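K.L.:
Dropping in run00.txt, with compact mmCIF, C-alpha atoms and all ligand atoms.
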# COMPACT_ATOMS: atom_id res chain seq x y z
CA MET A 168 -25.99 46.43 83.96
CA MET A 169 -24.86 43.12 82.51
CA LYS A 170 -28.40 41.85 82.60
CA LYS A 171 -29.65 45.07 81.06
CA GLY A 172 -26.89 44.85 78.42
CA ILE A 173 -27.82 41.28 77.54
CA GLY A 174 -31.47 42.30 77.53
CA GLY A 175 -30.64 45.18 75.23
CA ILE A 176 -28.69 42.89 72.88
CA MET A 177 -31.52 40.35 73.00
CA LYS A 178 -34.02 43.09 72.22
CA ARG A 179 -31.89 44.37 69.34
CA LYS A 180 -31.50 40.78 68.09
CA THR A 181 -35.25 40.25 68.39
CA VAL A 182 -35.93 43.51 66.54
CA LEU A 183 -33.38 42.54 63.86
CA PHE A 184 -34.87 39.05 63.56
CA ALA A 185 -38.37 40.46 63.41
CA THR A 186 -37.29 42.92 60.73
CA LEU A 187 -35.61 40.18 58.67
CA ALA A 188 -38.59 37.91 59.14
CA GLY A 189 -40.86 40.78 58.18
CA CYS A 190 -38.88 41.39 54.98
CA LEU A 191 -38.92 37.68 54.16
CA PHE A 192 -42.65 37.49 54.85
CA ALA A 193 -43.22 40.57 52.71
CA LEU A 194 -41.20 38.99 49.87
CA LEU A 195 -43.21 35.78 50.10
CA TRP A 196 -46.52 37.54 50.52
CA LEU A 197 -46.18 40.30 47.94
CA PRO A 198 -46.55 38.20 44.79
CA VAL A 199 -49.76 36.69 46.17
CA SER A 200 -51.16 40.00 47.39
CA GLY A 201 -49.92 41.61 44.19
CA VAL A 202 -52.33 39.43 42.20
CA ALA A 203 -55.09 40.00 44.73
CA ALA A 204 -54.53 43.74 44.88
CA VAL A 205 -54.85 44.30 41.13
CA SER A 206 -57.92 42.15 40.75
CA PRO A 207 -61.19 44.00 41.33
CA ILE A 208 -62.84 40.73 42.37
CA ALA A 209 -60.22 39.84 45.03
CA GLY A 210 -62.04 41.36 48.00
CA LEU A 211 -65.35 39.81 46.96
CA ILE A 212 -63.86 36.32 46.63
CA GLN A 213 -61.86 36.58 49.86
CA ASP A 214 -64.98 37.72 51.75
CA ALA A 215 -66.96 34.81 50.30
CA MET A 216 -64.27 32.33 51.40
CA LYS A 217 -64.30 33.87 54.87
CA VAL A 218 -68.10 33.60 55.18
CA LEU A 219 -67.92 29.92 54.14
CA ALA A 220 -64.79 29.28 56.27
CA LEU A 221 -62.94 27.99 53.20
CA GLU A 222 -59.16 27.82 52.84
CA LYS A 223 -57.44 28.35 49.50
CA GLY A 224 -57.12 24.95 47.83
CA GLY A 225 -59.35 23.32 50.45
CA GLU A 226 -61.07 20.01 49.65
CA ASP A 227 -64.58 21.42 50.11
CA LEU A 228 -64.00 24.43 47.87
CA GLY A 229 -65.59 24.75 44.45
CA VAL A 230 -66.18 27.67 42.10
CA LEU A 231 -68.76 28.06 39.34
CA THR A 232 -68.52 31.03 36.98
CA ASN A 233 -69.75 32.39 33.67
CA ALA A 234 -66.35 34.06 33.11
CA ARG A 235 -65.29 33.81 29.42
CA TYR A 236 -68.95 33.50 28.36
CA VAL A 237 -70.12 36.95 29.48
CA THR A 238 -68.71 40.30 28.46
CA LEU A 239 -68.42 43.37 30.68
CA SER A 240 -68.48 46.74 28.93
CA ASP A 241 -67.94 44.91 25.62
CA LYS A 242 -64.79 43.22 26.95
CA THR A 243 -64.41 39.47 27.26
CA THR A 244 -63.88 38.07 30.74
CA GLU A 245 -61.47 35.14 30.44
CA HIS A 246 -58.73 36.96 32.39
CA TYR A 247 -60.87 36.74 35.55
CA ILE A 248 -60.29 32.97 35.48
CA THR A 249 -56.62 33.47 36.41
CA ASP A 250 -57.68 35.68 39.34
CA ILE A 251 -60.17 33.05 40.50
CA GLU A 252 -57.52 30.28 40.29
CA ASN A 253 -54.93 32.35 42.19
CA LEU A 254 -57.33 33.41 44.90
CA THR A 255 -59.13 30.12 45.52
CA GLY A 256 -56.76 27.40 44.34
CA ALA A 257 -59.60 25.91 42.26
CA SER A 258 -58.77 24.65 38.76
CA MET A 259 -60.37 22.81 35.84
CA GLY A 260 -57.90 19.96 36.25
CA LYS A 261 -58.96 19.41 39.85
CA GLY A 262 -62.59 19.43 38.76
CA ASN A 263 -63.58 22.19 41.17
CA LEU A 264 -63.57 25.13 38.74
CA LEU A 265 -66.76 24.91 36.72
CA PHE A 266 -68.23 27.08 34.02
CA PHE A 267 -71.67 27.73 32.66
CA ASN A 268 -72.67 29.15 29.33
CA GLU A 269 -74.62 32.38 29.57
CA ARG A 270 -75.63 35.10 27.17
CA PRO A 271 -72.73 37.37 26.21
CA LYS A 272 -73.74 40.34 28.38
CA ASP A 273 -75.09 40.88 31.88
CA SER A 274 -72.94 40.40 34.97
CA LEU A 275 -69.96 38.28 35.77
CA LEU A 276 -71.14 35.64 38.24
CA ILE A 277 -68.75 33.79 40.52
CA ILE A 278 -70.24 31.27 42.90
CA VAL A 279 -67.93 30.12 45.67
CA ALA A 280 -69.24 26.90 47.21
CA HIS A 281 -68.60 24.70 50.24
CA ARG A 282 -69.38 21.09 49.33
CA SER A 283 -69.93 19.39 52.69
CA LYS A 284 -71.87 22.33 54.15
CA MET A 285 -73.94 22.65 50.93
CA GLN A 286 -73.57 26.40 51.07
CA CYS A 287 -72.44 28.99 48.58
CA VAL A 288 -71.89 32.69 48.12
CA VAL A 289 -73.00 34.19 44.81
CA ILE A 290 -70.88 37.12 43.66
CA ARG A 291 -72.32 39.40 40.99
CA PHE A 292 -69.80 41.81 39.46
CA ASP A 293 -70.69 44.45 36.87
CA GLY A 294 -67.13 45.50 35.99
CA THR A 295 -66.77 48.11 38.72
CA GLN A 296 -68.98 47.06 41.61
CA GLY A 297 -69.97 43.77 43.15
CA GLU A 298 -72.62 42.36 45.45
CA THR A 299 -72.78 39.04 47.25
CA LYS A 300 -75.56 36.75 48.45
CA PHE A 301 -75.28 33.76 50.75
CA LEU A 302 -77.32 30.64 49.92
CA SER A 303 -77.81 27.49 51.93
CA LEU A 304 -78.75 24.68 49.55
CA LYS A 305 -79.69 21.71 51.70
CA ASP A 306 -82.93 20.02 50.62
CA SER A 307 -84.64 21.40 53.72
CA ASP A 308 -83.67 24.97 52.74
CA LEU A 309 -85.53 24.76 49.43
CA ARG A 310 -89.04 24.35 50.81
CA ASP A 311 -90.29 27.92 50.54
CA SER A 312 -90.10 27.98 46.79
CA ASP A 313 -91.48 31.45 46.06
CA PHE A 314 -89.07 33.06 48.46
CA PHE A 315 -86.13 30.94 47.46
CA TRP A 316 -86.41 31.06 43.70
CA ASN A 317 -87.64 34.59 43.19
CA ALA A 318 -86.13 36.56 46.02
CA THR A 319 -82.98 34.92 47.28
CA LEU A 320 -80.66 36.22 44.61
CA GLY A 321 -82.56 39.38 43.89
CA ALA A 322 -82.57 38.17 40.30
CA SER A 323 -84.95 36.14 38.20
CA GLY A 324 -85.86 32.75 39.59
CA LYS A 325 -84.57 31.22 36.36
CA GLU A 326 -81.03 32.40 37.00
CA THR A 327 -81.17 31.17 40.60
CA PHE A 328 -82.29 27.77 39.34
CA ASN A 329 -79.46 27.59 36.82
CA ILE A 330 -76.83 28.33 39.45
CA VAL A 331 -78.31 26.14 42.16
CA SER A 332 -78.88 23.17 39.87
CA ILE A 333 -75.28 23.16 38.61
CA ILE A 334 -73.74 23.62 42.04
CA SER A 335 -75.98 20.83 43.33
CA ALA A 336 -74.57 18.40 40.76
CA TRP A 337 -71.06 19.29 41.90
CA PHE A 338 -72.09 18.76 45.52
CA ALA A 339 -73.29 15.30 44.49
CA GLY A 340 -69.96 14.47 42.79
CA ALA A 341 -71.20 14.30 39.18
CA PRO A 342 -68.45 13.18 36.74
CA TYR A 343 -66.62 15.75 34.65
CA GLU A 344 -68.18 14.72 31.33
CA PHE A 345 -71.64 15.33 32.79
CA MET A 346 -70.55 18.73 34.13
CA HIS A 347 -69.17 19.49 30.67
CA CYS A 348 -72.64 18.87 29.15
CA VAL A 349 -74.10 21.13 31.81
CA GLU A 350 -71.56 23.85 31.03
CA LEU A 351 -72.80 24.09 27.46
CA HIS A 352 -76.46 23.78 28.38
CA GLY A 353 -76.31 26.33 31.22
CA HIS A 354 -78.52 24.50 33.71
CA ILE A 355 -79.51 21.03 34.87
CA CYS A 356 -82.86 19.57 33.90
CA PRO A 357 -84.31 16.12 33.11
CA GLY A 358 -83.41 16.65 29.43
CA ILE A 359 -79.69 16.95 30.04
CA PHE A 360 -79.80 13.61 31.92
CA PHE A 361 -81.71 12.07 28.96
CA GLY A 362 -79.01 13.32 26.59
CA TYR A 363 -76.26 11.95 28.86
CA PHE A 364 -77.90 8.52 29.20
CA THR A 365 -78.59 8.35 25.45
CA SER A 366 -75.04 9.37 24.44
CA LYS A 367 -73.44 6.90 26.85
CA GLY A 368 -75.77 4.17 25.59
CA ILE A 369 -74.89 4.94 21.94
CA LEU A 370 -71.15 4.82 22.64
CA GLU A 371 -71.48 1.49 24.41
CA LYS A 372 -74.02 -0.29 22.20
CA TYR A 373 -73.14 1.19 18.79
CA PRO A 374 -69.38 1.88 18.83
CA LEU A 375 -67.97 3.23 15.58
CA LEU A 376 -65.92 0.90 13.41
CA ARG A 377 -63.20 2.11 11.07
CA GLY A 378 -64.65 4.38 8.36
CA GLU A 379 -67.96 4.91 10.17
CA LYS A 380 -69.50 8.08 11.55
CA TYR A 381 -72.55 9.07 13.56
CA ILE A 382 -75.33 11.22 12.23
CA LEU A 383 -78.03 12.02 14.76
CA ILE A 384 -81.47 13.38 13.95
CA ALA A 385 -82.15 15.33 17.15
CA SER A 386 -85.90 14.98 17.11
CA PRO A 387 -87.88 15.94 19.13
CA ASN A 388 -85.59 18.93 19.69
CA GLU A 389 -84.97 19.35 23.43
CA CYS A 390 -82.39 20.04 26.16
CA LYS A 391 -80.86 16.56 25.59
CA ASP A 392 -79.37 17.69 22.28
CA ASP A 393 -76.65 19.70 24.03
CA ALA A 394 -75.30 16.51 25.61
CA PHE A 395 -75.02 15.00 22.09
CA GLN A 396 -72.78 17.89 21.10
CA VAL A 397 -70.44 17.38 24.04
CA LEU A 398 -70.33 13.59 24.34
CA LEU A 399 -70.62 12.58 20.68
CA GLY A 400 -68.86 15.58 19.13
CA LEU A 401 -71.82 16.21 16.82
CA THR A 402 -72.87 19.74 15.91
CA PRO A 403 -75.47 21.32 13.61
CA GLY A 404 -72.64 23.23 11.92
CA LYS A 405 -70.89 19.99 10.92
CA GLN A 406 -74.26 18.74 9.66
CA ASN A 407 -74.04 15.56 11.69
CA LEU A 408 -76.58 16.77 14.27
CA ILE A 409 -79.81 17.50 12.43
CA VAL A 410 -82.24 19.36 14.65
CA LYS A 411 -85.92 18.77 13.89
CA PRO A 412 -88.74 19.77 16.24
CA VAL A 413 -91.71 17.37 16.29
CA ASP A 414 -94.61 16.87 18.71
CA LYS A 415 -93.29 14.06 20.93
CA ARG A 416 -96.81 13.22 22.14
CA LEU A 417 -97.64 11.95 18.65
CA ILE A 418 -94.73 9.49 18.39
CA LYS A 419 -95.82 5.84 18.62
CA GLN A 420 -93.32 4.51 21.15
CA LYS A 421 -93.16 2.01 24.00
CA ALA A 422 -95.31 2.96 27.02
CA GLY A 423 -93.37 4.99 29.59
CA HIS A 424 -90.63 5.82 27.06
CA TYR A 425 -89.50 9.09 25.49
CA ALA A 426 -88.01 9.10 22.00
CA THR A 427 -84.71 10.98 22.09
CA GLY A 428 -83.61 10.89 18.47
CA ILE A 429 -82.69 8.80 15.46
CA LEU A 430 -79.13 7.58 15.12
CA ILE A 431 -77.55 6.71 11.79
CA LYS A 432 -74.29 4.74 12.08
CA TRP A 433 -73.06 5.44 8.58
CA SER A 434 -70.28 3.81 6.56
CA GLU A 435 -68.87 6.10 3.88
CA SER A 436 -67.12 3.25 2.06
CA LYS A 437 -70.22 1.02 1.99
CA GLN A 438 -72.61 3.93 1.45
CA SER A 439 -75.03 2.28 3.87
CA GLY A 440 -75.69 2.28 7.56
CA LEU A 441 -77.68 1.17 10.57
CA GLY A 442 -80.58 3.31 11.75
CA VAL A 443 -81.72 3.27 15.38
CA VAL A 444 -84.72 5.01 16.91
CA LEU A 445 -83.53 5.81 20.42
CA SER A 446 -85.56 6.33 23.56
CA ILE A 447 -85.26 6.78 27.27
CA HIS A 448 -87.14 4.51 29.65
CA PHE A 449 -88.64 7.34 31.66
CA ASP A 450 -90.66 5.07 33.95
CA ALA A 451 -87.47 3.23 34.92
CA ILE A 452 -85.84 6.56 35.77
CA LYS A 453 -88.75 7.57 37.99
CA ALA A 454 -88.67 4.16 39.67
CA ALA A 455 -84.92 4.44 40.27
CA ILE A 456 -85.20 7.76 42.08
CA LYS A 457 -88.58 6.87 43.64
CA MET A 458 -90.02 10.15 42.49
CA ASP A 459 -92.54 11.26 39.89
CA PHE A 460 -91.61 14.37 37.98
CA GLY A 461 -92.21 15.93 34.59
CA GLN A 462 -92.11 19.15 32.63
CA HIS A 463 -94.78 20.71 34.80
CA SER A 464 -93.07 19.95 38.12
CA SER A 465 -92.09 22.90 40.28
CA ARG A 466 -88.49 24.07 40.32
CA ASN A 467 -88.01 22.52 43.74
CA GLU A 468 -89.24 19.14 42.50
CA LYS A 469 -87.06 19.34 39.39
CA LEU A 470 -84.03 20.18 41.50
CA LEU A 471 -84.68 17.36 43.95
CA ALA A 472 -85.16 14.95 41.01
CA ALA A 473 -81.90 16.17 39.48
CA ARG A 474 -80.05 15.68 42.76
CA LYS A 475 -81.31 12.11 43.00
CA LEU A 476 -80.63 11.40 39.31
CA THR A 477 -77.03 12.52 39.69
CA GLU A 478 -76.51 9.48 41.90
CA HIS A 479 -77.68 7.22 39.03
CA LEU A 480 -75.51 8.55 36.19
CA SER A 481 -73.49 5.35 35.98
CA GLU A 482 -76.68 3.29 35.49
CA TYR A 483 -77.32 4.74 32.00
CA ALA A 484 -77.68 1.26 30.47
CA ASP A 485 -80.85 0.73 32.55
CA PHE A 486 -82.46 3.82 31.05
CA PHE A 487 -81.16 3.68 27.45
CA SER A 488 -83.61 1.97 25.14
CA VAL A 489 -84.07 1.19 21.45
CA GLU A 490 -87.47 1.54 19.80
CA LYS A 491 -86.40 0.03 16.50
CA GLU A 492 -83.41 -0.68 14.22
CA PHE A 493 -83.48 -0.44 10.42
CA THR A 494 -81.17 -0.47 7.41
CA VAL A 495 -80.27 2.93 6.01
CA THR A 496 -79.65 3.43 2.31
CA LYS A 497 -78.19 6.62 0.90
CA GLU A 498 -81.66 7.67 -0.24
CA LEU A 499 -83.22 7.04 3.19
CA LYS A 500 -80.37 8.91 4.94
CA ASN A 501 -80.89 11.93 2.70
CA GLU A 502 -84.64 11.83 3.24
CA LEU A 503 -84.32 11.51 7.04
CA MET A 504 -81.96 14.50 7.08
CA ARG A 505 -83.96 16.63 4.67
CA ALA A 506 -85.74 19.74 5.98
CA GLY A 507 -89.49 19.28 5.91
CA THR A 508 -89.41 15.50 6.39
CA ASN A 509 -90.87 14.29 9.67
CA PRO A 510 -88.57 11.31 10.38
CA TYR A 511 -91.13 9.55 12.58
CA VAL A 512 -93.79 9.72 9.87
CA LEU A 513 -91.21 8.37 7.40
CA LEU A 514 -90.43 5.45 9.73
CA GLY A 515 -94.12 4.67 10.37
CA MET A 516 -93.98 5.82 14.01
CA MET A 517 -96.30 8.81 13.67
CA SER A 518 -99.45 9.48 11.67
CA GLU A 519 -99.21 12.09 8.96
CA ILE A 520 -100.41 15.39 10.40
CA LYS A 521 -103.08 16.96 8.24
CA GLU A 522 -102.98 20.77 8.46
ZN ZN J 601 -82.64 22.12 30.00
Could you spell out this file's structure in C-alpha cells?
Ligand SMILES: [Zn+2]
P.N.:
Amino acid sequence: MMKKGIGGIMKRKTVLFATLAGCLFALLWLPVSGVAAVSPIAGLIQDAMKVLALEKGGEDLGVLTNARYVTLSDKTTEHYITDIENLTGASMGKGNLLFFNERPKDSLLIIVAHRSKMQCVVIRFDGTQGETKFLSLKDSDLRDSDFFWNATLGASGKETFNIVSIISAWFAGAPYEFMHCVELHGHICPGIFFGYFTSKGILEKYPLLRGEKYILIASPNECKDDAFQVLLGLTPGKQNLIVKPVDKRLIKQKAGHYATGILIKWSESKQSGLGVVLSIHFDAIKAAIKMDFGQHSSRNEKLLAARKLTEHLSEYADFFSVEKEFTVTKELKNELMRAGTNPYVLLGMMSEIKE
C-alpha cells in the first residue's frame, strides 16, 4: 500500500510536472509558432530546411529572395522578409539573407540554400499556393545543360541561371559589396565582375579629393554599369552616370582589353578635371581562372567561369587597366556627356562611322 501510495504520489507529481513543463513549453513555443502559423510561407520554408537538414540560424544556411522587388496581387512583398528571418534565422547583417532585383510581378521566390552541401530548395509562391524544387549545384551536377537549365525549375532557363549564379557566389563566399552589385543586376555574368573590378580600381587609383566628383560615361553600355551604381554611387538620374551604347568592337584599345567606360574626375572649384579611358585586361582574367569564355559561351561555361572569378575578386588591381589619361576642360566634359557624341570618336579611339 505504502509503495502504491508513493507510486501514486510520484505519478501525480510526474503528471503535475509534465503539465507545468507542458505549459511552460507552450508559452515558449507559442510566439515562435504564432509567427509561423500566420505566415503562408512557413510550411514551405520549414519543409525546405528539413530536406536540406538545416537548423534555424545554422552556419550553412543562406536565403536568396526577390521579396520586396516583386508584387503579389498588386501588393508589395517586403513583409515576407520578417517571416523569412523568423523562420530561418538568416539576416542581412549576417550576410546570409540575399536579395535579387526582379520585375515587379510574377512569383515570390525564396531559395533556401545549404552552403557546404551546395544544395538548395527553390520555393515559388504565388500568394496562395507554393511549389518547391530541389537543386544540387555542384559543378558535376551542371553537366547536362539542356535538362538542368530548361527543365529543373520548370521555368525559363534564364530564371534558373539567375538564381543559380547568385547562390553560387554566396557558396564561394563573395564579399557583401559584390553581392550588393548582384542584387541590383539580378544575375551574375562576366560584366558584373568587370564593373566590380573597374569600380574598385577607380576608388584605389583615382580617389576623390575635397571638392571633386566622379562623372562616368558608361560606354559601351553593358552589365558592368550596374556595379558603378552600387560601388560609386553614380546613377543616370543624378546625371553622373551617362549611358551611351557604342559598338565595342570598333574601339581602338590594347589587345586583349575591353573598354569599360570613361571616367571624369571633376573639380567644381577649378572647373577642370582628369579624364581616364578605363579598360579591363580580359586576357589576364582568362589566364587567372585558366579558362576561356566569352559572350557566346554556354550557361554552364559562364557559371563555371563566374564561380572561378569569385575567388579572384580581391585581385582587381591585376585586371583594372587604363587606356589613356587626358585633361578635361568644361567644354570637353559637356561634349563627352552630350547625347549624340560618340566619346571614343571624340578621343580619337574610334573611326567616325559613316551611315
Ligand atoms: Zn549581366
K.L.:
Using all atoms listed in the file, which protein or nucleic acid residues are at most 8 Å from ligand ZN 601 (chain J), as a PyMOL selection string?
P.N.:
chain A and resi 352-359+389-391
K.L.:
Would you work out the distance separating atom CA of A:Ile248 from atom CA of A:Gly224, expressed in Å to one decimal?
P.N.:
15.1 Å
K.L.:
Please tell me which residues are no farther than 7 Å from (-78.7, 13.7, 21.2) in the file, counting only C-alpha atoms, and write them as a list in words.
P.N.:
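The residues that fall inside the cut-off are Gly362, Thr365, Ser366, Leu383, Ala385, Lys391, Asp392, Asp393, Ala394, Phe395, Thr427 and Gly428 of chain A.
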K.L.:
Residues near stretch 499-502 of chain A, anyone? I mean within 10 Å using all atoms listed in the file, not counting same-chain ones fewer than 2 positions away, as a list in words.
P.N.:
Ile382, Ile431, Trp433, Gln438, Ser439, Gly440, Leu441, Gly442, Thr494, Val495, Thr496, Lys497, Met504, Arg505, Ala506, Gly507, Thr508, Asn509, Pro510, Leu513 and Leu514 of chain A
K.L.:
Distance atom CA of A:Tyr511-atom CA of A:Val489, one decimal place?
P.N.:
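These two atoms are separated by 14.1 Å.
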K.L.:
Using the file's own x, y and z axes, so that the box edges lie along x, y and z, what centre and edge lengths in Å (one decimal) does a box around every listed atom of stretch 335-350 of chain A get when 6 Å is added on each side? Give it as AutoDock Vina command-line options.
P.N.:
--center_x -71.3 --center_y 18.5 --center_z 37.3 --size_x 21.4 --size_y 22.7 --size_z 28.4
K.L.:
Taking all atoms listed in the file into account, name the residue in A:Leu375, A:Val237, A:Ile251, A:Leu264 that is nearest to A:Ala209.
P.N.:
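Closest candidate: A:Ile251.
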K.L.:
Dump as JSON lines the rows for residues of stretch 330-379 of chain A within 12 Å of stretch 275-294 of chain A: closest atom pair and distance in Å with one decimal, all atoms listed in the file counted, ordered by chain and rising residue number.
P.N.:
{"residue": "A:Ile330", "atom": "CA", "partner": "A:Ile278", "partner_atom": "CA", "distance": 8.0}
{"residue": "A:Val331", "atom": "CA", "partner": "A:Cys287", "partner_atom": "CA", "distance": 9.2}
{"residue": "A:Ile333", "atom": "CA", "partner": "A:Ile278", "partner_atom": "CA", "distance": 10.5}
{"residue": "A:Ile334", "atom": "CA", "partner": "A:Ala280", "partner_atom": "CA", "distance": 7.6}
{"residue": "A:Ser335", "atom": "CA", "partner": "A:Met285", "partner_atom": "CA", "distance": 8.1}
{"residue": "A:Ala336", "atom": "CA", "partner": "A:Arg282", "partner_atom": "CA", "distance": 10.4}
{"residue": "A:Trp337", "atom": "CA", "partner": "A:Arg282", "partner_atom": "CA", "distance": 7.8}
{"residue": "A:Phe338", "atom": "CA", "partner": "A:Arg282", "partner_atom": "CA", "distance": 5.2}
{"residue": "A:Ala339", "atom": "CA", "partner": "A:Arg282", "partner_atom": "CA", "distance": 8.5}
{"residue": "A:Gly340", "atom": "CA", "partner": "A:Arg282", "partner_atom": "CA", "distance": 9.3}
K.L.:
Please determine, counting only C-alpha atoms, which residue among A:Arg474, A:Arg466, A:Arg235, A:Lys419 has the shortest atom-to-atom distance to A:Glu326.
P.N.:
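Nearest candidate to A:Glu326 out of A:Arg474, A:Arg466, A:Arg235, A:Lys419: A:Arg466.
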K.L.:
Mind pulling up the distance from atom CA of A:Leu254 to atom CA of A:Leu221?
P.N.:
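If I compute the distance from atom CA of A:Leu221 to atom CA of A:Leu254, I get 11.4 Å.
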K.L.:
Can you pull out every residue within 6 Å of A:Pro412, counting all atoms listed in the file, but drop anything in the same chain fewer than 5 positions away, and send it as an MDAnalysis selection string?
P.N.:
chainID A and resid 386:388
K.L.:
Per residue of stretch 476-510 of chain A within 9 Å of stretch 452-461 of chain A, what are the shortest atom pair and its distance in Å to one decimal, counting all atoms listed in the file, with rows by chain and residue number, as JSON lines?
P.N.:
{"residue": "A:Leu476", "atom": "CA", "partner": "A:Ile456", "partner_atom": "CA", "distance": 6.5}
{"residue": "A:Glu478", "atom": "CA", "partner": "A:Ile456", "partner_atom": "CA", "distance": 8.9}
{"residue": "A:His479", "atom": "CA", "partner": "A:Ala455", "partner_atom": "CA", "distance": 7.9}
{"residue": "A:Asp485", "atom": "CA", "partner": "A:Ile452", "partner_atom": "CA", "distance": 8.3}
{"residue": "A:Phe486", "atom": "CA", "partner": "A:Ile452", "partner_atom": "CA", "distance": 6.4}
K.L.:
Can you tell me, as a list of chain:residue names, what residues are no more than 6 Å from A:Phe266 when counting all atoms listed in the file, ignoring any on the same chain fewer than 4 positions away?
P.N.:
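That gives A:Leu231, A:Thr232, A:Asn233, A:Glu350.
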K.L.:
Rank A:Lys367, A:Leu445, A:Tyr425, A:Thr243 by their smallest atom-to-atom distance to A:Ile384, using only C-alpha atoms, and report the top residue only.
P.N.:
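So, comparing all the options, the nearest one is A:Leu445.
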K.L.:
Of the candidates A:Glu252, A:Phe267, A:Ala220, A:Ala257, which shows the shortest atom-to-atom distance to A:Tyr236, using all atoms listed in the file?
P.N.:
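Among the listed residues, A:Phe267 lies closest to A:Tyr236.
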K.L.:
Select, from A:Leu239, A:Ser465, A:Tyr373, A:Leu503, the residue with the minimum atom-to-atom distance to A:Leu399, counting only C-alpha atoms.
P.N.:
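Nearest candidate to A:Leu399 out of A:Leu239, A:Ser465, A:Tyr373, A:Leu503: A:Tyr373.
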K.L.:
Please provide the set of residues having any atom within 8 Å of A:Ala426, restricted to all atoms listed in the file, with same-chain residues fewer than 6 positions apart removed, written as a PyMOL selection string.
P.N.:
chain A and resi 386-387+415+418+420+444-447+490
K.L.:
Take the residues that were just selected and, keeping C-alpha atoms, output them as a PDB file, in the frame of the given file.
P.N.:
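Final file, again.pdb:
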ATOM      1  CA  SER A 386     -85.900  14.980  17.110  1.00  0.00           C
ATOM      2  CA  PRO A 387     -87.880  15.940  19.130  1.00  0.00           C
ATOM      3  CA  LYS A 415     -93.290  14.060  20.930  1.00  0.00           C
ATOM      4  CA  ILE A 418     -94.730   9.490  18.390  1.00  0.00           C
ATOM      5  CA  GLN A 420     -93.320   4.510  21.150  1.00  0.00           C
ATOM      6  CA  VAL A 444     -84.720   5.010  16.910  1.00  0.00           C
ATOM      7  CA  LEU A 445     -83.530   5.810  20.420  1.00  0.00           C
ATOM      8  CA  SER A 446     -85.560   6.330  23.560  1.00  0.00           C
ATOM      9  CA  ILE A 447     -85.260   6.780  27.270  1.00  0.00           C
ATOM     10  CA  GLU A 490     -87.470   1.540  19.800  1.00  0.00           C
TER      11      GLU A 490
END
K.L.:
Give me, as a ChimeraX atom specification, all polymer residues having an atom no more than 8 Å from A:Leu211, counting only C-alpha atoms and skipping those fewer than 6 positions away in the same chain.
P.N.:
/A:290,297-299
K.L.:
Can I get stretch 405-417 of chain A with N, CA and C atoms filled in, as a JSON list (two decimals), keeping the file's coordinate frame?
P.N.:
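Dumped everything to rebuild_35.json:
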[["chain", "number", "residue", "atom", "x", "y", "z"],
["A", 405, "LYS", "N", -71.58, 21.06, 11.67],
["A", 405, "LYS", "CA", -70.89, 19.99, 10.92],
["A", 405, "LYS", "C", -71.89, 19.11, 10.17],
["A", 406, "GLN", "N", -73.15, 19.44, 10.33],
["A", 406, "GLN", "CA", -74.26, 18.74, 9.66],
["A", 406, "GLN", "C", -74.32, 17.26, 10.02],
["A", 407, "ASN", "N", -73.85, 16.93, 11.22],
["A", 407, "ASN", "CA", -74.04, 15.56, 11.69],
["A", 407, "ASN", "C", -74.99, 15.52, 12.89],
["A", 408, "LEU", "N", -75.50, 16.68, 13.28],
["A", 408, "LEU", "CA", -76.58, 16.77, 14.27],
["A", 408, "LEU", "C", -77.69, 17.58, 13.60],
["A", 409, "ILE", "N", -78.73, 16.86, 13.19],
["A", 409, "ILE", "CA", -79.81, 17.50, 12.43],
["A", 409, "ILE", "C", -80.97, 17.75, 13.39],
["A", 410, "VAL", "N", -81.25, 19.00, 13.62],
["A", 410, "VAL", "CA", -82.24, 19.36, 14.65],
["A", 410, "VAL", "C", -83.61, 19.54, 14.01],
["A", 411, "LYS", "N", -84.57, 18.72, 14.47],
["A", 411, "LYS", "CA", -85.92, 18.77, 13.89],
["A", 411, "LYS", "C", -86.97, 18.72, 15.00],
["A", 412, "PRO", "N", -87.67, 19.81, 15.24],
["A", 412, "PRO", "CA", -88.74, 19.77, 16.24],
["A", 412, "PRO", "C", -89.93, 18.94, 15.73],
["A", 413, "VAL", "N", -90.45, 18.07, 16.59],
["A", 413, "VAL", "CA", -91.71, 17.37, 16.29],
["A", 413, "VAL", "C", -92.50, 17.29, 17.61],
["A", 414, "ASP", "N", -93.78, 17.01, 17.50],
["A", 414, "ASP", "CA", -94.61, 16.87, 18.71],
["A", 414, "ASP", "C", -94.39, 15.47, 19.28],
["A", 415, "LYS", "N", -93.66, 15.37, 20.39],
["A", 415, "LYS", "CA", -93.29, 14.06, 20.93],
["A", 415, "LYS", "C", -94.50, 13.25, 21.38],
["A", 416, "ARG", "N", -95.61, 13.94, 21.69],
["A", 416, "ARG", "CA", -96.81, 13.22, 22.14],
["A", 416, "ARG", "C", -97.40, 12.35, 21.04],
["A", 417, "LEU", "N", -97.06, 12.67, 19.79],
["A", 417, "LEU", "CA", -97.64, 11.95, 18.65],
["A", 417, "LEU", "C", -96.79, 10.76, 18.20]]
